[in-house]
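Undergrad: Let me give you the structure first, and then I'll get to my questions.
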Amino acid sequence: MSEPQAPKKPAARAGRSFELPEHLKSYKGVWVFVEHDRGAVHPVSWELIGEGRKLADTLNAQLAGVLLGGPDDPLDRFASEAFGFGADLCYMIRDPVLKGYRNEPYTRGLTRLVNEHQPEIVLLGATSMGRDLAGSVATTLATGLTADCTELKIDGASRALAATRPTFGGSLLCTIMTLAYRPQMATVRPRVMSMPRADAGRTGLIVESWLGLLETEVVTKLIDFIADADSDANHLAYADVVVSGGKGLKNPENFRLVRELARVLGGEVGASRPVVQAGWVEAARQVGQTGKTVRPRLYIAAGISGAIQHRVGMEGSDVIVAINTDPNAPIFEFAHFGIVGNAMQVLPALTEAFHSHLPVRERQAA
Amino acid sequence: MHVVVCIKQVPDSAQIRVHPVTNTIMRQGVPAIVNPYDLFALEEALRLKDRHGGRVTVLCMGPPQAEEALRKCVSFGADDAVLVTDRAFAGADTLATSYALASAIRTIGLDQAVDVVFTGKQTIDGDTAQVGPGIAKRLGLQLLTYVSRIVELDLGSAHITVERRAEGGVQVLHTALPCLITMLENTNELRFADMDSMVRAARFEVRKWNKDAAGVQDASKIGLKGSPTVVSKVFGPTPRAEKAEMFSVEQSSARDAAVTVVEKIFTRNPALRQDLLERQGA
């Protein structure tokens with residue numbers, strides 16, 4: 001990404017063309033790399049299919065999923081799921097060399113498909129797989145790649161992808177475009193886009209291709225995969241309720257008030273970046289641009305001021321409740337309910353209110 | 001063995017302030033630091049040197065004052081430092097940056113062949129994580145991203161085994177040197193700089209290369225010219241149309257405010273209450 005500068009007039013930059021060369025004008029269609037591992041598709045791929053559908057409709061183009069995998073991977077099932085979420089077709093390469101993710105063969109596969117079918121936009125999840133692959137493929141194709149986008153749109157004038165992302169550690173947003181190169185590539189983090197609804201009746205076309213790479217030609221070998229022990233922190237991104245704490249809690253001991261409220265609500269604990277940097281809470285619990293993006297039904301932020309880098313990680317939540325002593329804290333600009341007060345007093349009061357409220361209502365309903 | 005560590009000098013983003021009216025970055029007084037993620041790469045490189053001998057070269061692309069960041073790395077034990085600095089590099093995006101750094105690494109390798117290139121996971125100002133993979137691709141190095149542990153490095157057979165952080169687990173990968181490793185954060189603890197090293201760093205002559213010295217062959221691939229991406233707009237967040245409904249603990253007790261807010265949440269979102277009840281029942 002370029003250093004964000006004051007908006008400039010493109011024509012003023014000598015020696016740099018913003019015109020799409022003639023031979024790149026035939027690039028059409030929106031692609032989503034469908035990431036899967038150990039028998040399941042990463043949800044971020046479906047979130048991108050949902051977003052890609054909107055872009056494809058705006059461009060009046062087709063939306064395709066890209067599936068690479070080994071002979072035993074259920075790629076056909078993944079393809080029908082992709083059609084259900086909105087893809088028109090799926091490009092597929094099935095090869096023993098593609099069993100388990102490795103950079104080299106996956107880069108070869110995706111690059112080959114792009115060169116063969118020439119899409120104008122390629123989207124990938126900003127996961128450890130998607131970021132690894134996107135950087136290699138974009139360099140091979142010598143095209144533009146924008147990381148961790150929070151909004152994707154089609155620019156009215158140029159019909160190019162306008163990819164917005166936080167910049168400078170999340171203190172500002174910038175919109176980036178790839179005007180004279182194709183395809184335009186972007187990654188988006190899990191949960192930034194909402195999950196589309198599946199329509200089981202939708203079908204599509206599968207286009208199979210081949211890799212043209214032998215195992216003996218691949219230098220890196222995948223020896224083993226050690227799965228993580230199931231940790232609650234892994235559920236944070238997809239939790240229905242998240243209670244997060246920030247520096248306003250004053251000290252790490254007060255974080256127990258956050259945990260108690262989360263427990264009563266059956267939710268997960270989140271944290272702001274300063275709190276994680278201070279070592280109060282494990283890094284896996286950080287909500288924000290450099291942490292996890294969450295979209296719970298209920299998000300409660302206690303003692304968090306609401307810097308952009310935090311905001312982009314949680315503003316997709318259905319209901320946002322913010323507690324802060326400063327009535328001018330930025331978080332109140334995007335919360336639905338704001339409580340001006342000391343989190344150390346308000347958190348226990350909320351815990352009690354939820355605790356008494358829920359069972360009482362249950363009895364009334366019964 | 002010869003290890004190259006790519007670092008970047010970045011503004012300490014924790015101290016960045018944005019002008020509330022003009023939405024421009026207020027750089028004055030913001031300290032420049034070595035990108036914190038790069039220090040995990042540096043420490044891992046120094047450990048390889050401790051174990052296998054050889055030397056560590058730190059490499060940075062940036063303005064002349066980035067020399068300070070390289071000196072810092074020398075104080076921790078790097079043997080050599082190269083600053084690639086030229087106005088022609090200005091405005092580079094990740095593709096153009098990876099071209100410039102790859103050219104410099106090729107040039108560094110002319111003295112002694114490079115076995116491993118390290119980068120941090122990403123920078124704290126750009127956060128893209130794209131330059132490492134870009135360099136690897138340009139130099140034809142095996143790419144190992146998000147490495148959490150180097151299990152084994154065998155210089156004799158020129159092979160390396162690492163653990164790589166993936167979604168939901170860790171991949172164990174075995175590959176041949178030379179390779180490029182992007183090091184995951186919190187995987188090691190940076191050593192202290194001893195007095196001798198600090199003195200050495202203060203007097204150290206950082207090598208400064210312009211684009212020609214760095215071995216850049218195609219000037220159309222660096223700087224703004226070599227960057228496919230265009231920053232079309234920089235802006236602050238848009239306020240939400242709907243204003244938050246505010247409650248103050250000063251006007252009522254914390255208890256009253258909490259009870260009212262809980263009522264409001266459930267009125268606004270009745271399905272949520274039902275879901276929470278079912279969750280409690282489960």
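Chain lettering (A, B, ...) mirrors the order of the structure tokens, residue numbering begins at 1 for each chain separately, and ligand numbering begins at 1 in order of display.
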Please identify all polymer residues within 8 Å of Val192 of chain A, counting only C-alpha atoms, omitting same-chain residues fewer than 5 positions from it, and present them as a ChimeraX atom specification.
TA: /A:150,293-295,313,316
Undergrad: Dump N, CA and C atoms for the selected residues as an mmCIF file, in the first residue's frame?
TA:
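Listing of part-v9.cif after writing:
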```cif
data_model
loop_
_atom_site.group_PDB
_atom_site.id
_atom_site.type_symbol
_atom_site.label_atom_id
_atom_site.label_comp_id
_atom_site.auth_asym_id
_atom_site.auth_seq_id
_atom_site.Cartn_x
_atom_site.Cartn_y
_atom_site.Cartn_z
ATOM 1 N N THR A 150 -12.103 -3.037 4.574
ATOM 2 C CA THR A 150 -13.315 -3.028 5.388
ATOM 3 C C THR A 150 -14.539 -2.664 4.551
ATOM 4 N N THR A 293 -12.032 -9.363 14.172
ATOM 5 C CA THR A 293 -13.254 -8.636 13.864
ATOM 6 C C THR A 293 -14.415 -9.466 14.377
ATOM 7 N N VAL A 294 -15.345 -8.825 15.066
ATOM 8 C CA VAL A 294 -16.493 -9.542 15.618
ATOM 9 C C VAL A 294 -17.770 -8.892 15.100
ATOM 10 N N ARG A 295 -18.837 -9.664 14.990
ATOM 11 C CA ARG A 295 -20.159 -9.118 14.634
ATOM 12 C C ARG A 295 -21.207 -9.767 15.516
ATOM 13 N N GLY A 313 -13.238 -3.190 14.076
ATOM 14 C CA GLY A 313 -13.319 -4.587 14.489
ATOM 15 C C GLY A 313 -14.649 -4.976 15.092
ATOM 16 N N GLY A 316 -19.847 -3.776 13.123
ATOM 17 C CA GLY A 316 -20.890 -4.572 12.485
ATOM 18 C C GLY A 316 -21.812 -5.258 13.489
#
```
Undergrad: Taking 4 positions as the minimum chain separation for residues in the same chain, which residues sit within 10 Å of Arg165 of chain A when counting only C-alpha atoms? Answer as an MDAnalysis selection string.
TA: (chainID A and resid 146:152 170 172:176 188 289 312) or (chainID B and resid 234)
Undergrad: From a DSSP calculation on the backbone, collect every residue of segment 56-102 of chain A in alpha helix (DSSP H) and output the set as a list in words.
TA: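 Assigned to alpha helix (DSSP H), within segment 56-102 of chain A: Ala56, Asp57, Thr58, Leu59, Leu75, Asp76, Arg77, Phe78, Ala79, Ser80, Glu81, Ala82, Phe83, Gly84 and Phe85 of chain A.
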Undergrad: Can you list every residue of chain A that has an atom at most 6 Å from chain B, with its nearest atom pair and the distance in Å to one decimal, using only C-alpha atoms, ordered by chain then number, as a tab-separated table?
TA:
```
residue	atom	partner	partner_atom	distance
A:Met1	CA	B:Asp93	CA	4.3
A:Ser2	CA	B:Asp93	CA	4.2
A:Pro7	CA	B:Lys233	CA	5.5
A:Arg16	CA	B:Lys225	CA	5.4
A:Ser128	CA	B:Ala166	CA	5.6
A:Gly135	CA	B:Gln130	CA	5.0
A:Ser136	CA	B:Pro133	CA	5.4
A:Thr139	CA	B:Gly134	CA	5.5
A:Thr143	CA	B:Pro228	CA	5.9
A:Gly144	CA	B:Pro228	CA	4.9
A:Ala147	CA	B:Thr128	CA	5.3
A:Phe168	CA	B:Asp125	CA	4.7
A:Gly169	CA	B:Asp125	CA	5.2
A:Leu172	CA	B:Gly236	CA	5.2
A:Leu173	CA	B:Phe235	CA	5.3
A:Cys174	CA	B:Val234	CA	4.2
A:Thr175	CA	B:Lys233	CA	5.1
A:Ile176	CA	B:Val231	CA	4.5
A:Met177	CA	B:Val230	CA	5.1
A:Thr178	CA	B:Thr229	CA	4.6
A:Val219	CA	B:Thr175	CA	5.9
A:Thr220	CA	B:Thr175	CA	4.4
A:Lys221	CA	B:His174	CA	5.2
A:Leu222	CA	B:Leu173	CA	4.8
A:Ile223	CA	B:Val172	CA	5.4
A:Asp224	CA	B:Val172	CA	5.0
A:Phe225	CA	B:Gln171	CA	4.6
A:Ile226	CA	B:Val170	CA	5.0
A:Ala227	CA	B:Gly169	CA	4.0
A:Asp228	CA	B:Gly169	CA	4.6
A:Phe334	CA	B:Arg240	CA	5.8
A:Ala335	CA	B:Ala244	CA	5.4
A:His336	CA	B:Ala244	CA	4.4
A:Phe337	CA	B:Glu245	CA	4.8
A:Gly338	CA	B:Met246	CA	4.6
A:Ile339	CA	B:Phe247	CA	4.7
A:Val340	CA	B:Ser248	CA	4.7
A:Gly341	CA	B:Val249	CA	5.2
A:Val346	CA	B:Ala254	CA	5.3
A:Ala349	CA	B:Arg255	CA	5.0
A:Leu350	CA	B:Ala258	CA	4.9
A:Ala353	CA	B:Val259	CA	5.3
```
Undergrad: Could you take the residues named above and write them with C-alpha atoms, as a PDB file, in the first residue's frame?
TA:
```pdb
ATOM      1  CA  MET A   1       0.000   0.000   0.000  1.00  0.00           C
ATOM      2  CA  SER A   2       1.253   3.469  -0.785  1.00  0.00           C
ATOM      3  CA  PRO A   7      -5.674  13.279  -2.454  1.00  0.00           C
ATOM      4  CA  ARG A  16       2.392   7.086 -14.399  1.00  0.00           C
ATOM      5  CA  SER A 128      -2.846 -16.973   7.250  1.00  0.00           C
ATOM      6  CA  GLY A 135       0.995 -11.742  -1.783  1.00  0.00           C
ATOM      7  CA  SER A 136       2.636 -14.416  -3.903  1.00  0.00           C
ATOM      8  CA  THR A 139       3.642 -10.409  -7.212  1.00  0.00           C
ATOM      9  CA  THR A 143      -0.717  -6.359 -10.058  1.00  0.00           C
ATOM     10  CA  GLY A 144      -2.168  -4.382  -7.155  1.00  0.00           C
ATOM     11  CA  ALA A 147      -4.956  -5.906   2.375  1.00  0.00           C
ATOM     12  CA  PHE A 168      -1.756   4.400  10.081  1.00  0.00           C
ATOM     13  CA  GLY A 169      -2.514   1.855  12.744  1.00  0.00           C
ATOM     14  CA  LEU A 172      -7.661   7.004   9.370  1.00  0.00           C
ATOM     15  CA  LEU A 173      -9.320   5.208   6.466  1.00  0.00           C
ATOM     16  CA  CYS A 174      -8.098   5.255   2.888  1.00  0.00           C
ATOM     17  CA  THR A 175      -9.586   4.111  -0.397  1.00  0.00           C
ATOM     18  CA  ILE A 176      -7.207   2.341  -2.763  1.00  0.00           C
ATOM     19  CA  MET A 177      -7.700   1.539  -6.437  1.00  0.00           C
ATOM     20  CA  THR A 178      -5.768  -0.456  -9.021  1.00  0.00           C
ATOM     21  CA  VAL A 219      10.387 -28.069  -2.704  1.00  0.00           C
ATOM     22  CA  THR A 220       8.355 -27.531   0.477  1.00  0.00           C
ATOM     23  CA  LYS A 221       6.821 -30.590   2.139  1.00  0.00           C
ATOM     24  CA  LEU A 222       3.934 -30.509   4.597  1.00  0.00           C
ATOM     25  CA  ILE A 223       5.021 -33.007   7.249  1.00  0.00           C
ATOM     26  CA  ASP A 224       2.331 -32.610   9.869  1.00  0.00           C
ATOM     27  CA  PHE A 225      -0.595 -30.514  11.068  1.00  0.00           C
ATOM     28  CA  ILE A 226      -0.956 -30.032  14.805  1.00  0.00           C
ATOM     29  CA  ALA A 227      -4.522 -28.917  15.516  1.00  0.00           C
ATOM     30  CA  ASP A 228      -5.056 -26.382  18.307  1.00  0.00           C
ATOM     31  CA  PHE A 334     -21.260   4.633  16.977  1.00  0.00           C
ATOM     32  CA  ALA A 335     -22.808   2.964  20.022  1.00  0.00           C
ATOM     33  CA  HIS A 336     -26.570   2.418  20.203  1.00  0.00           C
ATOM     34  CA  PHE A 337     -26.696   2.859  23.970  1.00  0.00           C
ATOM     35  CA  GLY A 338     -24.200   4.878  25.962  1.00  0.00           C
ATOM     36  CA  ILE A 339     -23.722   4.926  29.702  1.00  0.00           C
ATOM     37  CA  VAL A 340     -21.600   7.789  31.011  1.00  0.00           C
ATOM     38  CA  GLY A 341     -20.106   6.447  34.183  1.00  0.00           C
ATOM     39  CA  VAL A 346     -21.721   0.011  35.810  1.00  0.00           C
ATOM     40  CA  ALA A 349     -24.918  -3.313  37.833  1.00  0.00           C
ATOM     41  CA  LEU A 350     -25.342  -4.624  34.272  1.00  0.00           C
ATOM     42  CA  ALA A 353     -29.632  -6.487  35.746  1.00  0.00           C
TER      43      ALA A 353
END
```
Undergrad: For atom CA of Leu68 of chain A and atom CA of Leu98 of chain A, determine how far apart the two atoms are, in Å to one decimal place.
TA: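 Separation between atom CA of Leu68 of chain A and atom CA of Leu98 of chain A: 6.6 Å.
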